[in-house]
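Enquirer: The structure under discussion is supplied below as structure tokens; questions concerning it will follow.
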Amino acid sequence: MAIEIIREVSGTALPLPGDNIDTDRIIPARFLKSISFAGLEEHLFEDDRAQIAAQGGEPHPFSDPRYDAAAILAVNANFGCGSSREHAPQAIRRRGIRAVIGESFSEIFFGNAVALGLPCVTAPPEAVDKLIEMVARDPALLVSVDLAAMQVTAGSHRFAISMPAAARDGFLDGSWDATGLLLDRYEEVETVAARLPYVGR
């Protein structure tokens, strides 16, 4: 199993404005009964989407076909707050999102996202607001998240981003993928297991 190094994520972006978007809105609790994460992406923001559809307004961004191919999600402050369900970043990543740009993230959501290979980078509110405005106006706009340079480029708009050093280093050297590391060096795992008296033979 090859270790995945994540240096840059590029593609179109999906704008999702609003502060304090919690994990129950991202993936409602009634969809957590499954024994696997397969298909969770179909229920992303299901209640929000249904409410907006019932009101007859503009579609929710996750229901808008202009953003179907988006690889980057742009959010505001305290994204992923609330309960610590891993299903939230799982559903987002399974939808095809490969990076999230926001003002701030819940600590637990951030940690769960890192474990899935989903970089969540932060930027000042004015930079994020401008990005959300730009991609709302032009859904085809190409956005690039460069973890090596710690910079986002969206058309002529360029701004610095931040991320804890340990998480950034993990994406750049592939060590974010703990399972992959174990499988790549499984001979060492077996060697250690053979020395342990409590490991079943």
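Following the order of the structure tokens, first chain is A, next is B, and so on, with residues numbered from 1 inside each chain and ligands from 1 in the order they appear.
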Restrict the calculation to only C-alpha atoms, then for each residue of region 68-145 of chain A with any atom at most 12 Å from an atom of region 46-64 of chain A give the closest atom pair and their distance in Å to one decimal, rows by chain and rising residue number, as a Markdown table.
Expert:
| residue | atom | partner | partner_atom | distance |
| --- | --- | --- | --- | --- |
| A:Asp68 | CA | A:Asp64 | CA | 7.1 |
| A:Ala69 | CA | A:Asp64 | CA | 10.5 |
| A:Ala70 | CA | A:Phe62 | CA | 9.7 |
| A:Leu73 | CA | A:Pro61 | CA | 10.2 |
| A:Ala74 | CA | A:Pro61 | CA | 10.9 |
| A:Val75 | CA | A:Pro61 | CA | 11.6 |
| A:Ala91 | CA | A:Glu46 | CA | 11.5 |
| A:Ile92 | CA | A:Phe62 | CA | 10.3 |
| A:Arg95 | CA | A:Phe62 | CA | 9.5 |
| A:Gly96 | CA | A:Phe62 | CA | 11.5 |
| A:Ile97 | CA | A:Phe62 | CA | 11.2 |
| A:Ile132 | CA | A:Pro61 | CA | 11.4 |
| A:Val135 | CA | A:Pro61 | CA | 11.0 |
| A:Ala136 | CA | A:Pro61 | CA | 9.1 |
| A:Pro139 | CA | A:Asp64 | CA | 10.1 |
Enquirer: Mind dumping a table of every region 16-39 of chain A residue within 7 Å of region 76-90 of chain A, with the nearest atom pair and its distance in Å to one decimal, using only C-alpha atoms, sorted by chain and rising number, as JSON lines?
Expert:
{"residue": "A:Pro17", "atom": "CA", "partner": "A:Asn76", "partner_atom": "CA", "distance": 5.9}
{"residue": "A:Gly18", "atom": "CA", "partner": "A:Asn76", "partner_atom": "CA", "distance": 5.7}
{"residue": "A:Asp19", "atom": "CA", "partner": "A:Ala77", "partner_atom": "CA", "distance": 4.7}
{"residue": "A:Asn20", "atom": "CA", "partner": "A:Asn78", "partner_atom": "CA", "distance": 4.9}
{"residue": "A:Ile21", "atom": "CA", "partner": "A:Phe79", "partner_atom": "CA", "distance": 5.1}
{"residue": "A:Asp22", "atom": "CA", "partner": "A:Cys81", "partner_atom": "CA", "distance": 4.5}
{"residue": "A:Thr23", "atom": "CA", "partner": "A:Gly80", "partner_atom": "CA", "distance": 5.2}
{"residue": "A:Ile26", "atom": "CA", "partner": "A:Ala88", "partner_atom": "CA", "distance": 5.9}
{"residue": "A:Ile27", "atom": "CA", "partner": "A:Ala88", "partner_atom": "CA", "distance": 5.7}
{"residue": "A:Phe37", "atom": "CA", "partner": "A:Gln90", "partner_atom": "CA", "distance": 6.9}
Enquirer: Those same residues - C-alpha atoms - I'd like them written as a CSV table (one decimal), in the first residue's frame.
Expert:
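Contents of result37.csv, freshly written:
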chain,number,residue,atom,x,y,z
A,17,PRO,CA,-21.2,30.4,4.2
A,18,GLY,CA,-22.2,30.5,7.9
A,19,ASP,CA,-20.6,30.2,11.3
A,20,ASN,CA,-20.9,27.3,13.8
A,21,ILE,CA,-22.1,24.7,11.3
A,22,ASP,CA,-22.3,21.6,13.5
A,23,THR,CA,-21.9,18.0,12.7
A,26,ILE,CA,-23.4,18.1,8.2
A,27,ILE,CA,-24.8,14.5,8.6
A,37,PHE,CA,-19.5,4.8,6.0
Enquirer: Can you tell me, as an MDAnalysis selection string, what residues are no more than 10 Å from Asp177 (chain A) when counting only C-alpha atoms, ignoring any on the same chain fewer than 2 positions away?
Expert: chainID A and resid 3:5 114:117 170:171 173:175 179:182
Enquirer: So, with only C-alpha atoms as the atoms that count, which of A:Glu42, A:Glu8, A:Asp138, A:Asp169 lies closest to Arg98 (chain A)?
Expert: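 Looking at the shortest contact to Arg98 (chain A), the residue is A:Glu8.
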Enquirer: Grab the CA of Phe109 (chain A) to CA of Met150 (chain A) distance for me, in Å with one decimal place.
Expert: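 Computing it gives 20.5 Å between the two atoms.
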Enquirer: How many Å separate CA of Pro15 (chain A) from CA of Leu131 (chain A)?
Expert: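 Between CA of Pro15 (chain A) and CA of Leu131 (chain A) the gap is 8.1 Å.
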Enquirer: Near Ala149 (chain A), counting only C-alpha atoms, which residues have an atom at most 9 Å away, once you skip same-chain residues fewer than 3 positions from it, shown as a list in words?
Expert: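 Here the qualifying residues turn out to be Arg7, Val145, Asp146, Val152, Ala160 and Ile161 of chain A.
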Enquirer: Got time to write the residues from that selection, N, CA and C atoms, as a PDB file, in the first residue's frame?
Expert:
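Written file, again.pdb:
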ATOM      1  N   ARG A   7       0.468  17.361  -1.198  1.00  0.00           N
ATOM      2  CA  ARG A   7       1.158  18.652  -1.256  1.00  0.00           C
ATOM      3  C   ARG A   7       0.246  19.769  -1.746  1.00  0.00           C
ATOM      4  N   VAL A 145      -5.022  24.801  -3.302  1.00  0.00           N
ATOM      5  CA  VAL A 145      -4.559  24.841  -1.919  1.00  0.00           C
ATOM      6  C   VAL A 145      -3.168  24.212  -1.899  1.00  0.00           C
ATOM      7  N   ASP A 146      -2.158  25.044  -1.689  1.00  0.00           N
ATOM      8  CA  ASP A 146      -0.767  24.594  -1.729  1.00  0.00           C
ATOM      9  C   ASP A 146      -0.251  24.459  -0.294  1.00  0.00           C
ATOM     10  N   VAL A 152      -3.252  29.820  -0.807  1.00  0.00           N
ATOM     11  CA  VAL A 152      -4.388  29.510  -1.676  1.00  0.00           C
ATOM     12  C   VAL A 152      -4.378  30.485  -2.835  1.00  0.00           C
ATOM     13  N   ALA A 160      -2.485  33.807   2.246  1.00  0.00           N
ATOM     14  CA  ALA A 160      -1.767  32.842   3.078  1.00  0.00           C
ATOM     15  C   ALA A 160      -2.757  32.034   3.915  1.00  0.00           C
ATOM     16  N   ILE A 161      -2.385  30.799   4.176  1.00  0.00           N
ATOM     17  CA  ILE A 161      -3.193  29.916   5.010  1.00  0.00           C
ATOM     18  C   ILE A 161      -2.327  29.384   6.146  1.00  0.00           C
TER      19      ILE A 161
END
Enquirer: Can you pull out every residue from region 17-91 of chain A that DSSP, working from the backbone, puts in strand (DSSP E), and format the result as a PyMOL selection string?
Expert: chain A and resi 72-75
Enquirer: By how many Å are CA of Pro124 (chain A) and CA of Ala154 (chain A) apart?
Expert: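 It comes out at 15.1 Å.
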Enquirer: Which residues in region 21-50 of chain A does DSSP call helix (DSSP H, G or I)? List them as a ChimeraX atom specification.
Expert: /A:23-26,29-31,40-43,46-50
Enquirer: How would the residues just chosen look if you wrote them out with C-alpha atoms as a PDB file, in the first residue's frame?
Expert:
ATOM      1  CA  THR A  23     -21.859  17.957  12.712  1.00  0.00           C
ATOM      2  CA  ASP A  24     -25.583  17.229  13.108  1.00  0.00           C
ATOM      3  CA  ARG A  25     -26.271  19.589  10.222  1.00  0.00           C
ATOM      4  CA  ILE A  26     -23.437  18.078   8.188  1.00  0.00           C
ATOM      5  CA  ALA A  29     -27.849  11.614  13.532  1.00  0.00           C
ATOM      6  CA  ARG A  30     -30.422   9.277  12.002  1.00  0.00           C
ATOM      7  CA  PHE A  31     -27.891   8.342   9.303  1.00  0.00           C
ATOM      8  CA  LEU A  40     -23.021   8.773   3.755  1.00  0.00           C
ATOM      9  CA  GLU A  41     -22.273  11.425   1.133  1.00  0.00           C
ATOM     10  CA  GLU A  42     -25.840  11.102  -0.168  1.00  0.00           C
ATOM     11  CA  HIS A  43     -27.136  12.547   3.125  1.00  0.00           C
ATOM     12  CA  GLU A  46     -29.964  16.518   4.118  1.00  0.00           C
ATOM     13  CA  ASP A  47     -32.168  18.511   6.512  1.00  0.00           C
ATOM     14  CA  ASP A  48     -30.769  21.887   5.439  1.00  0.00           C
ATOM     15  CA  ARG A  49     -31.240  20.944   1.792  1.00  0.00           C
ATOM     16  CA  ALA A  50     -34.811  19.774   2.352  1.00  0.00           C
TER      17      ALA A  50
END
Enquirer: Write out as a list in words the residues lying within 7 Å of Thr122 (chain A), counting only C-alpha atoms and excluding same-chain residues fewer than 6 positions away.
Expert: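 Counting only C-alpha atoms, the residues come to Ile101, Gly102, Glu103, Ser104, Ile161, Ser162 and Met163 of chain A.
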Enquirer: Using the selection just defined, write its residues with N, CA and C atoms as a PDB file, in the first residue's frame.
Expert:
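Contents of again_30.pdb, freshly written:
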ATOM      1  N   ILE A 101     -11.244  24.944   3.277  1.00  0.00           N
ATOM      2  CA  ILE A 101     -10.666  26.240   3.651  1.00  0.00           C
ATOM      3  C   ILE A 101     -11.689  26.952   4.529  1.00  0.00           C
ATOM      4  N   GLY A 102     -11.273  27.388   5.715  1.00  0.00           N
ATOM      5  CA  GLY A 102     -12.207  28.068   6.600  1.00  0.00           C
ATOM      6  C   GLY A 102     -11.514  29.022   7.550  1.00  0.00           C
ATOM      7  N   GLU A 103     -12.315  29.727   8.326  1.00  0.00           N
ATOM      8  CA  GLU A 103     -11.758  30.641   9.335  1.00  0.00           C
ATOM      9  C   GLU A 103     -11.255  29.865  10.545  1.00  0.00           C
ATOM     10  N   SER A 104     -12.008  28.820  10.926  1.00  0.00           N
ATOM     11  CA  SER A 104     -11.596  27.976  12.055  1.00  0.00           C
ATOM     12  C   SER A 104     -12.424  26.703  12.036  1.00  0.00           C
ATOM     13  N   ILE A 161      -2.385  30.799   4.176  1.00  0.00           N
ATOM     14  CA  ILE A 161      -3.193  29.916   5.010  1.00  0.00           C
ATOM     15  C   ILE A 161      -2.327  29.384   6.146  1.00  0.00           C
ATOM     16  N   SER A 162      -2.968  28.797   7.141  1.00  0.00           N
ATOM     17  CA  SER A 162      -2.215  28.207   8.244  1.00  0.00           C
ATOM     18  C   SER A 162      -2.802  26.858   8.606  1.00  0.00           C
ATOM     19  N   MET A 163      -1.967  26.078   9.302  1.00  0.00           N
ATOM     20  CA  MET A 163      -2.339  24.740   9.747  1.00  0.00           C
ATOM     21  C   MET A 163      -1.303  24.336  10.787  1.00  0.00           C
TER      22      MET A 163
END
